[in-house]
>>> print(open('protein-v3.cif').read())   # mmCIF, C-alpha atoms and all ligand atoms
data_upload
#
loop_
_atom_site.group_PDB
_atom_site.id
_atom_site.type_symbol
_atom_site.label_atom_id
_atom_site.label_comp_id
_atom_site.auth_asym_id
_atom_site.auth_seq_id
_atom_site.Cartn_x
_atom_site.Cartn_y
_atom_site.Cartn_z
ATOM 1 C CA MET P 996 -4.422 -6.598 22.305
ATOM 2 C CA THR P 997 -3.170 -5.466 18.888
ATOM 3 C CA LYS P 998 -4.563 -7.667 16.119
ATOM 4 C CA SER P 999 -2.935 -8.466 12.821
ATOM 5 C CA LEU P 1000 -5.309 -7.643 9.999
ATOM 6 C CA TYR P 1001 -5.613 -8.958 6.463
ATOM 7 C CA ALA P 1002 -7.916 -6.693 4.438
ATOM 8 C CA ILE P 1003 -9.178 -7.426 0.949
ATOM 9 C CA GLY P 1004 -10.433 -4.389 -0.996
ATOM 10 C CA GLY P 1005 -8.599 -1.255 0.058
ATOM 11 C CA GLY P 1006 -11.276 1.289 -0.864
ATOM 12 C CA GLN P 1007 -12.759 4.241 0.986
ATOM 13 C CA MET P 1008 -14.435 2.325 3.810
ATOM 14 C CA VAL P 1009 -11.519 -0.023 4.525
ATOM 15 C CA GLU P 1010 -9.179 2.957 4.519
ATOM 16 C CA ALA P 1011 -11.384 4.801 7.053
ATOM 17 C CA ILE P 1012 -11.485 1.690 9.282
ATOM 18 C CA ILE P 1013 -7.714 1.150 9.053
ATOM 19 C CA ARG P 1014 -7.000 4.821 9.793
ATOM 20 C CA ALA P 1015 -9.130 4.748 12.968
ATOM 21 C CA SER P 1016 -7.894 1.324 14.104
ATOM 22 C CA LEU P 1017 -4.246 2.353 13.668
ATOM 23 C CA GLU P 1018 -4.956 5.562 15.581
ATOM 24 C CA SER P 1019 -6.455 3.625 18.512
ATOM 25 C CA GLN P 1020 -3.727 0.952 18.241
ATOM 26 C CA ALA P 1021 -6.163 -1.932 17.820
ATOM 27 C CA ILE P 1022 -3.986 -2.842 14.832
ATOM 28 C CA SER P 1023 -0.413 -1.938 13.916
ATOM 29 C CA ALA P 1024 0.967 -0.969 10.516
ATOM 30 C CA GLU P 1025 3.620 -3.734 10.597
ATOM 31 C CA THR P 1026 1.004 -6.468 10.947
ATOM 32 C CA THR P 1027 -1.620 -5.057 8.581
ATOM 33 C CA HIS P 1028 -1.787 -6.281 4.996
ATOM 34 C CA VAL P 1029 -4.137 -4.862 2.355
ATOM 35 C CA VAL P 1030 -4.974 -6.496 -0.970
ATOM 36 C CA ASP P 1031 -6.415 -4.309 -3.701
ATOM 37 C CA ILE P 1032 -6.469 -4.823 -7.452
ATOM 38 C CA SER P 1033 -5.821 -1.145 -8.130
ATOM 39 C CA PRO P 1034 -2.073 -0.285 -8.392
ATOM 40 C CA ASP P 1035 -2.770 3.340 -7.421
ATOM 41 C CA ARG P 1036 -4.665 2.252 -4.323
ATOM 42 C CA VAL P 1037 -1.987 -0.138 -3.007
ATOM 43 C CA ARG P 1038 0.728 2.482 -3.605
ATOM 44 C CA TYR P 1039 -1.320 5.146 -1.820
ATOM 45 C CA LEU P 1040 -2.175 2.894 1.168
ATOM 46 C CA ALA P 1041 1.432 1.715 1.591
ATOM 47 C CA GLU P 1042 2.778 5.276 1.427
ATOM 48 C CA THR P 1043 0.127 6.791 3.688
ATOM 49 C CA TYR P 1044 -0.252 4.127 6.392
ATOM 50 C CA HIS P 1045 2.988 2.102 6.012
ATOM 51 C CA VAL P 1046 1.002 -1.127 5.814
ATOM 52 C CA THR P 1047 2.142 -3.956 3.544
ATOM 53 C CA THR P 1048 0.107 -4.381 0.374
ATOM 54 C CA SER P 1049 -0.323 -6.625 -2.621
ATOM 55 C CA ARG P 1050 -2.467 -6.610 -5.740
ATOM 56 C CA GLU P 1051 -3.266 -10.287 -5.466
ATOM 57 C CA PHE P 1052 -4.698 -12.465 -2.761
ATOM 58 C CA GLN P 1053 -1.857 -14.269 -0.979
ATOM 59 C CA PRO P 1054 -3.311 -17.155 1.044
ATOM 60 C CA GLU P 1055 -0.003 -17.919 2.801
ATOM 61 C CA LEU P 1056 -0.182 -14.526 4.554
ATOM 62 C CA LEU P 1057 -3.424 -15.560 6.289
ATOM 63 C CA LYS P 1058 -1.336 -17.737 8.628
ATOM 64 C CA ASN P 1059 -0.141 -14.587 10.417
ATOM 65 C CA ALA P 1060 -3.527 -12.840 10.456
ATOM 66 C CA ASP P 1061 -5.892 -12.659 13.445
ATOM 67 C CA LEU P 1062 -8.747 -11.152 11.439
ATOM 68 C CA ILE P 1063 -9.777 -10.938 7.796
ATOM 69 C CA LEU P 1064 -11.672 -7.827 6.651
ATOM 70 C CA LEU P 1065 -13.579 -8.214 3.390
ATOM 71 C CA GLY P 1066 -14.231 -4.741 1.968
ATOM 72 C CA VAL P 1067 -14.912 -5.098 -1.749
ATOM 73 C CA ARG P 1068 -18.225 -3.928 -3.315
ATOM 74 C CA PRO P 1069 -21.299 -6.136 -3.757
ATOM 75 C CA GLN P 1070 -20.728 -6.142 -7.538
ATOM 76 C CA ASP P 1071 -17.070 -7.295 -7.183
ATOM 77 C CA ASP P 1072 -16.122 -10.981 -7.228
ATOM 78 C CA TRP P 1073 -16.479 -11.424 -3.453
ATOM 79 C CA ALA P 1074 -17.613 -15.061 -3.869
ATOM 80 C CA GLU P 1075 -14.299 -16.024 -5.506
ATOM 81 C CA ILE P 1076 -12.382 -14.179 -2.757
ATOM 82 C CA ALA P 1077 -14.393 -16.044 -0.112
ATOM 83 C CA ARG P 1078 -13.712 -19.344 -1.873
ATOM 84 C CA GLN P 1079 -9.965 -18.619 -1.783
ATOM 85 C CA ILE P 1080 -10.174 -17.727 1.922
ATOM 86 C CA GLY P 1081 -12.034 -20.975 2.590
ATOM 87 C CA SER P 1082 -9.517 -23.076 0.675
ATOM 88 C CA SER P 1083 -6.522 -21.477 2.437
ATOM 89 C CA GLY P 1084 -6.725 -24.053 5.215
ATOM 90 C CA GLN P 1085 -6.957 -21.263 7.806
ATOM 91 C CA LYS P 1086 -10.112 -20.446 9.756
ATOM 92 C CA LYS P 1087 -9.442 -16.840 10.732
ATOM 93 C CA PRO P 1088 -12.591 -14.831 11.613
ATOM 94 C CA LEU P 1089 -13.988 -13.191 8.477
ATOM 95 C CA ILE P 1090 -15.528 -9.736 8.915
ATOM 96 C CA SER P 1091 -17.503 -8.683 5.859
ATOM 97 C CA ILE P 1092 -18.632 -5.100 5.282
ATOM 98 C CA ILE P 1093 -20.175 -5.862 1.892
ATOM 99 C CA ALA P 1094 -23.630 -4.290 1.880
ATOM 100 C CA GLY P 1095 -26.427 -6.703 1.048
ATOM 101 C CA VAL P 1096 -24.327 -9.902 1.076
ATOM 102 C CA THR P 1097 -25.734 -12.228 3.725
ATOM 103 C CA ILE P 1098 -23.947 -14.494 6.170
ATOM 104 C CA GLU P 1099 -25.490 -17.491 4.396
ATOM 105 C CA GLN P 1100 -24.133 -16.337 1.016
ATOM 106 C CA LEU P 1101 -20.669 -15.896 2.543
ATOM 107 C CA GLU P 1102 -20.819 -19.320 4.238
ATOM 108 C CA ASP P 1103 -21.797 -20.935 0.914
ATOM 109 C CA ALA P 1104 -18.955 -19.190 -0.916
ATOM 110 C CA LEU P 1105 -16.379 -20.166 1.735
ATOM 111 C CA GLU P 1106 -17.252 -23.850 1.179
ATOM 112 C CA VAL P 1107 -15.947 -24.719 4.662
ATOM 113 C CA ALA P 1108 -18.180 -25.953 7.475
ATOM 114 C CA ASP P 1109 -18.409 -23.862 10.650
ATOM 115 C CA TYR P 1110 -16.309 -20.980 9.336
ATOM 116 C CA PRO P 1111 -16.555 -17.939 11.698
ATOM 117 C CA VAL P 1112 -18.285 -15.073 9.857
ATOM 118 C CA ALA P 1113 -19.333 -11.618 11.056
ATOM 119 C CA ARG P 1114 -21.380 -9.389 8.791
ATOM 120 C CA ILE P 1115 -21.114 -5.771 9.814
ATOM 121 C CA ILE P 1116 -22.486 -2.504 8.603
ATOM 122 C CA PRO P 1117 -19.737 -0.090 9.611
ATOM 123 C CA ASN P 1118 -20.462 3.406 10.792
ATOM 124 C CA THR P 1119 -18.946 6.190 8.725
ATOM 125 C CA LEU P 1120 -17.981 8.553 11.566
ATOM 126 C CA THR P 1121 -14.852 6.472 12.156
ATOM 127 C CA ASP P 1122 -12.519 9.447 12.687
ATOM 128 C CA THR P 1123 -14.691 10.932 15.460
ATOM 129 C CA GLY P 1124 -15.065 8.080 17.950
ATOM 130 C CA PHE P 1125 -18.837 8.452 17.514
ATOM 131 C CA GLY P 1126 -21.169 6.333 15.407
ATOM 132 C CA VAL P 1127 -22.630 2.861 15.808
ATOM 133 C CA SER P 1128 -21.806 -0.143 13.636
ATOM 134 C CA GLY P 1129 -24.193 -3.105 13.507
ATOM 135 C CA ALA P 1130 -22.656 -6.585 13.736
ATOM 136 C CA ALA P 1131 -24.345 -9.930 13.072
ATOM 137 C CA LEU P 1132 -22.397 -13.112 13.818
ATOM 138 C CA ASN P 1133 -22.899 -16.676 12.672
ATOM 139 C CA ALA P 1134 -22.891 -19.518 15.192
ATOM 140 C CA SER P 1135 -19.142 -20.166 14.724
ATOM 141 C CA ALA P 1136 -18.020 -16.568 15.255
ATOM 142 C CA ASN P 1137 -16.829 -15.392 18.636
ATOM 143 C CA GLN P 1138 -17.683 -11.850 19.786
ATOM 144 C CA GLU P 1139 -14.463 -11.627 21.876
ATOM 145 C CA ASP P 1140 -12.310 -12.200 18.771
ATOM 146 C CA ILE P 1141 -13.616 -9.138 16.953
ATOM 147 C CA ASP P 1142 -14.985 -6.826 19.652
ATOM 148 C CA GLU P 1143 -11.865 -4.736 20.300
ATOM 149 C CA PHE P 1144 -11.213 -4.258 16.605
ATOM 150 C CA LEU P 1145 -14.837 -3.217 15.873
ATOM 151 C CA LYS P 1146 -14.844 -0.796 18.810
ATOM 152 C CA SER P 1147 -11.664 0.849 17.542
ATOM 153 C CA PHE P 1148 -13.690 2.705 14.919
ATOM 154 C CA GLY P 1149 -16.861 3.572 16.864
ATOM 155 C CA LYS P 1150 -19.424 1.837 18.995
ATOM 156 C CA VAL P 1151 -20.876 -1.531 18.059
ATOM 157 C CA ASP P 1152 -24.261 -3.162 18.537
ATOM 158 C CA TYR P 1153 -24.500 -6.934 18.160
ATOM 159 C CA ILE P 1154 -27.785 -7.501 16.376
ATOM 160 C CA PRO P 1155 -29.742 -10.230 14.607
ATOM 161 C CA GLU P 1156 -28.958 -10.191 10.886
ATOM 162 C CA GLU P 1157 -32.585 -9.205 10.095
ATOM 163 C CA GLN P 1158 -31.845 -5.778 11.605
ATOM 164 C CA ILE P 1159 -28.845 -5.008 9.386
ATOM 165 C CA ASP P 1160 -30.981 -3.129 6.804
ATOM 166 C CA ILE P 1161 -32.605 -1.039 9.548
ATOM 167 C CA TYR P 1162 -29.153 -0.152 10.892
ATOM 168 C CA THR P 1163 -28.030 0.805 7.405
ATOM 169 C CA GLY P 1164 -30.963 3.143 6.740
ATOM 170 C CA TYR P 1165 -31.195 4.584 10.260
ATOM 171 C CA ALA P 1166 -27.779 4.403 11.948
ATOM 172 C CA ILE P 1167 -25.276 4.389 9.074
ATOM 173 C CA ALA P 1168 -27.190 6.937 6.981
ATOM 174 C CA GLY P 1169 -27.832 8.780 10.281
ATOM 175 C CA PRO P 1170 -25.240 11.563 9.895
ATOM 176 C CA ASN P 1171 -26.938 12.568 6.597
ATOM 177 C CA TYR P 1172 -30.184 13.393 8.427
ATOM 178 C CA VAL P 1173 -28.234 15.467 10.938
ATOM 179 C CA TYR P 1174 -26.298 17.310 8.193
ATOM 180 C CA ASN P 1175 -29.636 18.149 6.584
ATOM 181 C CA PHE P 1176 -31.080 19.425 9.843
ATOM 182 C CA PHE P 1177 -27.923 21.470 10.435
ATOM 183 C CA LEU P 1178 -28.239 22.999 6.974
ATOM 184 C CA ALA P 1179 -31.928 23.822 7.431
ATOM 185 C CA LEU P 1180 -31.178 25.427 10.793
ATOM 186 C CA THR P 1181 -28.204 27.499 9.632
ATOM 187 C CA ASN P 1182 -30.146 28.698 6.580
ATOM 188 C CA ALA P 1183 -32.865 29.822 9.005
ATOM 189 C CA GLY P 1184 -30.278 31.803 10.972
ATOM 190 C CA VAL P 1185 -29.044 33.468 7.781
ATOM 191 C CA LEU P 1186 -32.646 34.138 6.716
ATOM 192 C CA GLY P 1187 -33.197 35.760 10.101
ATOM 193 C CA GLY P 1188 -30.249 38.116 9.520
ATOM 194 C CA LEU P 1189 -27.112 36.408 10.930
ATOM 195 C CA SER P 1190 -23.925 35.866 8.944
ATOM 196 C CA ARG P 1191 -23.244 32.299 7.781
ATOM 197 C CA LYS P 1192 -20.335 32.120 10.224
ATOM 198 C CA GLN P 1193 -22.495 33.191 13.195
ATOM 199 C CA ALA P 1194 -25.311 30.848 12.158
ATOM 200 C CA ASN P 1195 -22.920 27.875 11.803
ATOM 201 C CA GLU P 1196 -21.219 28.458 15.143
ATOM 202 C CA ILE P 1197 -24.507 28.796 17.029
ATOM 203 C CA ALA P 1198 -26.112 25.769 15.361
ATOM 204 C CA LEU P 1199 -23.051 23.596 16.082
ATOM 205 C CA GLU P 1200 -23.060 24.707 19.722
ATOM 206 C CA ASN P 1201 -26.801 24.035 20.081
ATOM 207 C CA LEU P 1202 -26.576 20.694 18.307
ATOM 208 C CA GLN P 1203 -23.809 19.443 20.595
ATOM 209 C CA GLY P 1204 -25.368 21.001 23.717
ATOM 210 C CA ALA P 1205 -28.834 19.574 23.014
ATOM 211 C CA ALA P 1206 -27.308 16.115 22.422
ATOM 212 C CA LYS P 1207 -25.437 16.442 25.728
ATOM 213 C CA MET P 1208 -28.671 17.470 27.528
ATOM 214 C CA LEU P 1209 -30.456 14.381 26.222
ATOM 215 C CA GLU P 1210 -27.505 12.231 27.279
ATOM 216 C CA ILE P 1211 -26.874 13.623 30.784
ATOM 217 C CA THR P 1212 -30.506 14.185 31.857
ATOM 218 C CA GLY P 1213 -31.879 11.002 30.305
ATOM 219 C CA LYS P 1214 -35.122 12.970 29.835
ATOM 220 C CA HIS P 1215 -37.578 12.429 27.006
ATOM 221 C CA PRO P 1216 -37.338 15.284 24.463
ATOM 222 C CA TYR P 1217 -40.980 16.235 25.318
ATOM 223 C CA GLU P 1218 -39.854 17.005 28.887
ATOM 224 C CA LEU P 1219 -36.990 19.224 27.704
ATOM 225 C CA LEU P 1220 -39.310 20.984 25.250
ATOM 226 C CA ASP P 1221 -41.801 21.557 28.058
ATOM 227 C CA ILE P 1222 -39.101 23.342 30.081
ATOM 228 C CA ASN P 1223 -38.188 25.564 27.098
ATOM 229 C CA ASN P 1224 -41.731 26.285 25.836
ATOM 230 C CA SER P 1225 -43.308 28.733 28.305
ATOM 231 C CA ALA P 1226 -46.946 29.843 28.039
ATOM 232 C CA GLY P 1227 -47.621 32.028 25.006
ATOM 233 C CA GLY P 1228 -43.880 32.411 24.457
ATOM 234 C CA VAL P 1229 -41.313 32.188 21.690
ATOM 235 C CA GLY P 1230 -40.619 28.446 21.957
ATOM 236 C CA ILE P 1231 -44.234 27.290 21.738
ATOM 237 C CA THR P 1232 -44.860 29.645 18.795
ATOM 238 C CA ALA P 1233 -42.010 28.021 16.875
ATOM 239 C CA GLN P 1234 -43.247 24.593 18.038
ATOM 240 C CA HIS P 1235 -46.673 25.289 16.517
ATOM 241 C CA GLU P 1236 -45.089 26.028 13.123
ATOM 242 C CA LEU P 1237 -42.935 22.890 13.284
ATOM 243 C CA ASP P 1238 -45.958 20.771 14.240
ATOM 244 C CA ALA P 1239 -47.939 22.213 11.324
ATOM 245 C CA SER P 1240 -45.102 21.411 8.888
ATOM 246 C CA ASN P 1241 -44.080 18.082 7.405
ATOM 247 C CA PHE P 1242 -40.886 18.086 9.491
ATOM 248 C CA ALA P 1243 -41.294 14.893 11.564
ATOM 249 C CA ALA P 1244 -42.997 12.899 8.804
ATOM 250 C CA GLY P 1245 -40.341 14.075 6.331
ATOM 251 C CA VAL P 1246 -37.522 12.717 8.487
ATOM 252 C CA GLN P 1247 -39.393 9.480 9.180
ATOM 253 C CA ASN P 1248 -40.242 8.929 5.506
ATOM 254 C CA ALA P 1249 -36.589 9.506 4.577
ATOM 255 C CA VAL P 1250 -35.415 6.867 7.078
ATOM 256 C CA LEU P 1251 -38.049 4.345 5.938
ATOM 257 C CA ALA P 1252 -37.112 4.971 2.292
ATOM 258 C CA ALA P 1253 -33.413 4.412 3.122
ATOM 259 C CA ILE P 1254 -34.226 1.108 4.869
ATOM 260 C CA HIS P 1255 -36.414 0.036 1.942
ATOM 261 C CA ARG P 1256 -33.674 0.907 -0.580
ATOM 262 C CA THR P 1257 -31.116 -1.082 1.435
ATOM 263 C CA THR P 1258 -33.356 -4.145 1.208
ATOM 264 C CA GLU P 1259 -33.847 -3.618 -2.537
ATOM 265 C CA LEU P 1260 -30.093 -3.320 -3.114
ATOM 266 C CA GLY P 1261 -29.529 -6.524 -1.139
ATOM 267 C CA LYS P 1262 -31.849 -8.288 -3.606
ATOM 268 C CA GLY P 1263 -29.887 -6.803 -6.536
ATOM 269 C CA GLU P 1264 -32.809 -4.542 -7.593
HETATM 270 N N1 LIG E 1301 -18.373 3.846 1.722
HETATM 271 C C1 LIG E 1301 -19.251 3.719 2.700
HETATM 272 O O1 LIG E 1301 -19.710 4.698 3.325
HETATM 273 C C2 LIG E 1301 -19.703 2.336 3.143
HETATM 274 C C3 LIG E 1301 -20.491 2.209 4.306
HETATM 275 C C4 LIG E 1301 -20.884 0.932 4.717
HETATM 276 C C5 LIG E 1301 -20.507 -0.190 3.977
HETATM 277 N N2 LIG E 1301 -19.769 -0.019 2.849
HETATM 278 C C6 LIG E 1301 -19.390 -1.222 2.088
HETATM 279 O O2 LIG E 1301 -17.990 -1.254 1.996
HETATM 280 C C7 LIG E 1301 -17.612 -1.878 0.782
HETATM 281 C C8 LIG E 1301 -16.607 -1.002 0.089
HETATM 282 O O3 LIG E 1301 -17.193 0.275 -0.190
HETATM 283 P P1 LIG E 1301 -16.281 1.497 -0.570
HETATM 284 O O4 LIG E 1301 -17.140 2.709 -0.629
HETATM 285 O O5 LIG E 1301 -15.073 1.501 0.272
HETATM 286 O O6 LIG E 1301 -15.901 1.063 -2.098
HETATM 287 P P2 LIG E 1301 -14.579 1.327 -2.909
HETATM 288 O O7 LIG E 1301 -13.911 2.585 -2.454
HETATM 289 O O8 LIG E 1301 -14.927 1.212 -4.368
HETATM 290 O O9 LIG E 1301 -13.628 0.099 -2.472
HETATM 291 C C9 LIG E 1301 -13.624 -1.180 -3.054
HETATM 292 C C10 LIG E 1301 -12.171 -1.503 -3.412
HETATM 293 O O10 LIG E 1301 -12.047 -2.894 -3.651
HETATM 294 C C11 LIG E 1301 -11.212 -3.061 -4.817
HETATM 295 N N3 LIG E 1301 -11.470 -4.378 -5.394
HETATM 296 C C12 LIG E 1301 -12.444 -4.754 -6.257
HETATM 297 N N4 LIG E 1301 -12.340 -6.079 -6.530
HETATM 298 C C13 LIG E 1301 -11.285 -6.555 -5.826
HETATM 299 C C14 LIG E 1301 -10.669 -7.826 -5.698
HETATM 300 N N5 LIG E 1301 -11.123 -8.917 -6.353
HETATM 301 N N6 LIG E 1301 -9.591 -7.950 -4.884
HETATM 302 C C15 LIG E 1301 -9.104 -6.875 -4.215
HETATM 303 N N7 LIG E 1301 -9.638 -5.632 -4.316
HETATM 304 C C16 LIG E 1301 -10.718 -5.472 -5.103
HETATM 305 C C17 LIG E 1301 -11.611 -1.906 -5.697
HETATM 306 O O11 LIG E 1301 -10.665 -1.657 -6.713
HETATM 307 P P3 LIG E 1301 -11.191 -1.000 -8.119
HETATM 308 O O12 LIG E 1301 -11.803 0.327 -7.758
HETATM 309 O O13 LIG E 1301 -9.960 -0.879 -8.952
HETATM 310 O O14 LIG E 1301 -12.215 -1.934 -8.686
HETATM 311 C C18 LIG E 1301 -11.686 -0.768 -4.662
HETATM 312 O O15 LIG E 1301 -10.421 -0.189 -4.443
HETATM 313 C C19 LIG E 1301 -18.856 -2.093 -0.052
HETATM 314 O O16 LIG E 1301 -19.227 -3.454 -0.020
HETATM 315 C C20 LIG E 1301 -19.894 -1.251 0.646
HETATM 316 O O17 LIG E 1301 -21.159 -1.857 0.594
HETATM 317 C C21 LIG E 1301 -19.346 1.208 2.425
#
>>> encode(input="protein-v3.cif", output="C-alpha cells")
Amino acid sequence: MTKSLYAIGGGQMVEAIIRASLESQAISAETTHVVDISPDRVRYLAETYHVTTSREFQPELLKNADLILLGVRPQDDWAEIARQIGSSGQKKPLISIIAGVTIEQLEDALEVADYPVARIIPNTLTDTGFGVSGAALNASANQEDIDEFLKSFGKVDYIPEEQIDIYTGYAIAGPNYVYNFFLALTNAGVLGGLSRKQANEIALENLQGAAKMLEITGKHPYELLDINNSAGGVGITAQHELDASNFAAGVQNAVLAAIHRTTELGKGE
C-alpha cells in the first residue's frame, strides 16, 4: 500500500530513497512532503519529483503522514527536530538514517514514552534494486509498518542495533570494495594488452556471471575454484600469485577499518 511520507533533510541520501520509492510506487509524489533548510534543495526536489516541500518543520502536516524519515547529518540539530516530532502529538513511526545516532538518543530527544523508532543504515545502490539496508527497531516499532517502504529501495535485514556499525562498514561500504576489485581487474586486462573498453566489458560480464554462479549453485567459492583450477594449469598458477599477495588480507583489513571508523564516528571522534 502506498505510504505518505514526511521527510526531514532533503539531501543526497533522502533524494536517492525518494527516487527509488516513487519508482516502485511505495510512496506517491502527492503524499510526500520534504523539509529542508536549503532553498535551492527544496526548489530542486519540488521541480524534479513534484513532491511538496517546505523550509521549516510543519508539525500539522504529520497528521497526514504514515512514516517520518529523518535524513539530516549527525552534526545537524537532529535532537531539536526529534523534540518537535515528539511534541507534535502524533506518534507516526520515525525512521532515522542518521549515522551514529542511536535509538536511545532518538528516544531521549523525542521526550515521548513508547515512540516507535527504527534506526536504519540505508544501502546506496537504491536505483538498482540491489543492496541491503540494516534496520534496528525499538520495542514500540512495528516491522509491518515500515517493511514495504524499506524494501522499495533495496533489500532489508532486521538486525540488533549492535550490528549497525558492521553493516555500515561491510554492507553499505560494500560497493566500494567491488569498484576497487573491478578497477584492479580491468587494469590487469589493459596491462595484458586489451583496450580499456574490452577489459571493462569482460570484467563486467565475469563479475555478474560469477555472482550468478554463486547464487544459482549455492556452492562455496572453493568448490567453484576447484572446478576452474585444473592440475598445473592457468587458473592454479594465477591462484598461487593471488595467495602469495596481500589480496585477501587487504580486503579484510579495509572492511575492519571501515567498521572501526563507523564506531569512532558514532562516538564523535
Ligand atoms: N550519503 C550516503 O551515502 C549515506 C549513506 C548512509 C547514511 N547516510 C546518512 O544520511 C544522512 C544524510 O546524508 P547525506 O549524504 O544525504 O547528507 P546531505 O546531502 O548533506 O543532506 C542533509 C540535508 O539536510 C539539510 N538539513 C540540515 N539541517 C536541517 C534541518 N534542521 N531541517 C531540515 N533540513 C536540514 C541539509 O541542508 P544544508 O546542506 O543547507 O545544511 C542537507 O540538505 C546522514 O545522517 C548520513 O549519516 C548517508
>>> atom_distance(input="protein-v3.cif", atom1="atom CA of Asp1071 of chain P", atom2="atom C11 of ligand LIG 1301 (chain E)")
7.6 Å
>>> closest_atom_pairs(input="protein-v3.cif", of="chain P", to="ligand LIG 1301 (chain E)", cutoff="8 Å", atoms="all atoms listed in the file", output="CSV")
residue,atom,partner,partner_atom,distance
P:Ile1003,CA,E:LIG1301,C15,5.2
P:Gly1004,CA,E:LIG1301,O10,3.4
P:Gly1005,CA,E:LIG1301,O15,5.0
P:Gly1006,CA,E:LIG1301,O9,3.1
P:Gln1007,CA,E:LIG1301,O5,3.7
P:Met1008,CA,E:LIG1301,O5,3.7
P:Val1009,CA,E:LIG1301,O5,5.7
P:Glu1010,CA,E:LIG1301,O5,7.4
P:Val1030,CA,E:LIG1301,C15,5.3
P:Asp1031,CA,E:LIG1301,N7,3.5
P:Ile1032,CA,E:LIG1301,N7,4.5
P:Ser1033,CA,E:LIG1301,O13,4.2
P:Pro1034,CA,E:LIG1301,O13,7.9
P:Arg1036,CA,E:LIG1301,O15,6.3
P:Arg1050,CA,E:LIG1301,C15,6.8
P:Glu1051,CA,E:LIG1301,N6,6.8
P:Phe1052,CA,E:LIG1301,N6,7.0
P:Leu1065,CA,E:LIG1301,C7,8.0
P:Gly1066,CA,E:LIG1301,C7,4.6
P:Val1067,CA,E:LIG1301,O10,4.1
P:Arg1068,CA,E:LIG1301,O16,3.5
P:Pro1069,CA,E:LIG1301,O16,5.0
P:Asp1071,CA,E:LIG1301,N4,4.9
P:Asp1072,CA,E:LIG1301,N5,5.5
P:Trp1073,CA,E:LIG1301,N5,6.6
P:Glu1075,CA,E:LIG1301,N5,7.8
P:Ile1076,CA,E:LIG1301,N5,6.5
P:Ile1092,CA,E:LIG1301,C6,5.1
P:Ile1093,CA,E:LIG1301,O16,3.2
P:Ala1094,CA,E:LIG1301,O17,3.7
P:Gly1095,CA,E:LIG1301,O17,7.2
P:Ile1116,CA,E:LIG1301,C4,5.4
P:Pro1117,CA,E:LIG1301,C4,5.1
P:Asn1118,CA,E:LIG1301,C4,6.6
P:Thr1119,CA,E:LIG1301,O1,5.7
P:Thr1163,CA,E:LIG1301,C4,7.6
P:Ile1167,CA,E:LIG1301,C4,7.1
>>> residues_around(input="protein-v3.cif", residues="segment 1173-1183 of chain P", least_positions_apart="6", cutoff="8 Å", atoms="all atoms listed in the file", output="PyMOL selection string")
chain P and resi 1191+1194-1195+1198-1199
>>> atom_distance(input="protein-v3.cif", atom1="atom CA of Val1151 of chain P", atom2="atom CA of Leu1017 of chain P")
17.6 Å
>>> residues_around(input="protein-v3.cif", residues="Pro1111 of chain P", least_positions_apart="6", cutoff="12 Å", atoms="only C-alpha atoms", output="PyMOL selection string")
chain P and resi 1062-1063+1080-1081+1085-1091+1098-1099+1101-1102+1105+1131-1138+1140-1141
>>> write_last_selection(input="protein-v3.cif", atoms="C-alpha atoms", output="PDB file, in the coordinates of the input")
ATOM      1  CA  LEU P1062      -8.747 -11.152  11.439  1.00  0.00           C
ATOM      2  CA  ILE P1063      -9.777 -10.938   7.796  1.00  0.00           C
ATOM      3  CA  ILE P1080     -10.174 -17.727   1.922  1.00  0.00           C
ATOM      4  CA  GLY P1081     -12.034 -20.975   2.590  1.00  0.00           C
ATOM      5  CA  GLN P1085      -6.957 -21.263   7.806  1.00  0.00           C
ATOM      6  CA  LYS P1086     -10.112 -20.446   9.756  1.00  0.00           C
ATOM      7  CA  LYS P1087      -9.442 -16.840  10.732  1.00  0.00           C
ATOM      8  CA  PRO P1088     -12.591 -14.831  11.613  1.00  0.00           C
ATOM      9  CA  LEU P1089     -13.988 -13.191   8.477  1.00  0.00           C
ATOM     10  CA  ILE P1090     -15.528  -9.736   8.915  1.00  0.00           C
ATOM     11  CA  SER P1091     -17.503  -8.683   5.859  1.00  0.00           C
ATOM     12  CA  ILE P1098     -23.947 -14.494   6.170  1.00  0.00           C
ATOM     13  CA  GLU P1099     -25.490 -17.491   4.396  1.00  0.00           C
ATOM     14  CA  LEU P1101     -20.669 -15.896   2.543  1.00  0.00           C
ATOM     15  CA  GLU P1102     -20.819 -19.320   4.238  1.00  0.00           C
ATOM     16  CA  LEU P1105     -16.379 -20.166   1.735  1.00  0.00           C
ATOM     17  CA  ALA P1131     -24.345  -9.930  13.072  1.00  0.00           C
ATOM     18  CA  LEU P1132     -22.397 -13.112  13.818  1.00  0.00           C
ATOM     19  CA  ASN P1133     -22.899 -16.676  12.672  1.00  0.00           C
ATOM     20  CA  ALA P1134     -22.891 -19.518  15.192  1.00  0.00           C
ATOM     21  CA  SER P1135     -19.142 -20.166  14.724  1.00  0.00           C
ATOM     22  CA  ALA P1136     -18.020 -16.568  15.255  1.00  0.00           C
ATOM     23  CA  ASN P1137     -16.829 -15.392  18.636  1.00  0.00           C
ATOM     24  CA  GLN P1138     -17.683 -11.850  19.786  1.00  0.00           C
ATOM     25  CA  ASP P1140     -12.310 -12.200  18.771  1.00  0.00           C
ATOM     26  CA  ILE P1141     -13.616  -9.138  16.953  1.00  0.00           C
TER      27      ILE P1141
END
>>> resolve_selection(input="protein-v3.cif", expression="the PyMOL selection byres (((chain P and resi 1156) around 9) and not hetatm)", output="MDAnalysis selection string")
chainID P and resid 1097:1098 1114 1129:1132 1154:1155 1157:1160
>>> resolve_selection(input="protein-v3.cif", expression="the PyMOL selection byres (((chain P and resi 1242-1258) around 9) and not hetatm)", output="list in words")
Ala1094, Gly1095, Asp1160, Ile1161, Tyr1162, Thr1163, Gly1164, Tyr1165, Ala1168, Gly1169, Tyr1172, Leu1237, Asp1238, Ala1239, Ser1240, Asn1241, Glu1259, Leu1260, Gly1261, Lys1262, Gly1263 and Glu1264 of chain P
>>> atom_distance(input="protein-v3.cif", atom1="atom CA of Glu1025 of chain P", atom2="atom CA of Thr1048 of chain P")
10.8 Å
>>> axis_aligned_box(input="protein-v3.cif", around="segment 1118-1135 of chain P", padding_each_side="6 Å", output="JSON")
{"center_x": -18.4, "center_y": -4.6, "center_z": 13.3, "size_x": 23.8, "size_y": 43.1, "size_z": 21.2}
>>> closest_residue(input="protein-v3.cif", among="P:Ser1019, P:Asn1201, P:Gln1053, P:Asn1224", to="Ser1082 of chain P", atoms="only C-alpha atoms")
P:Gln1053
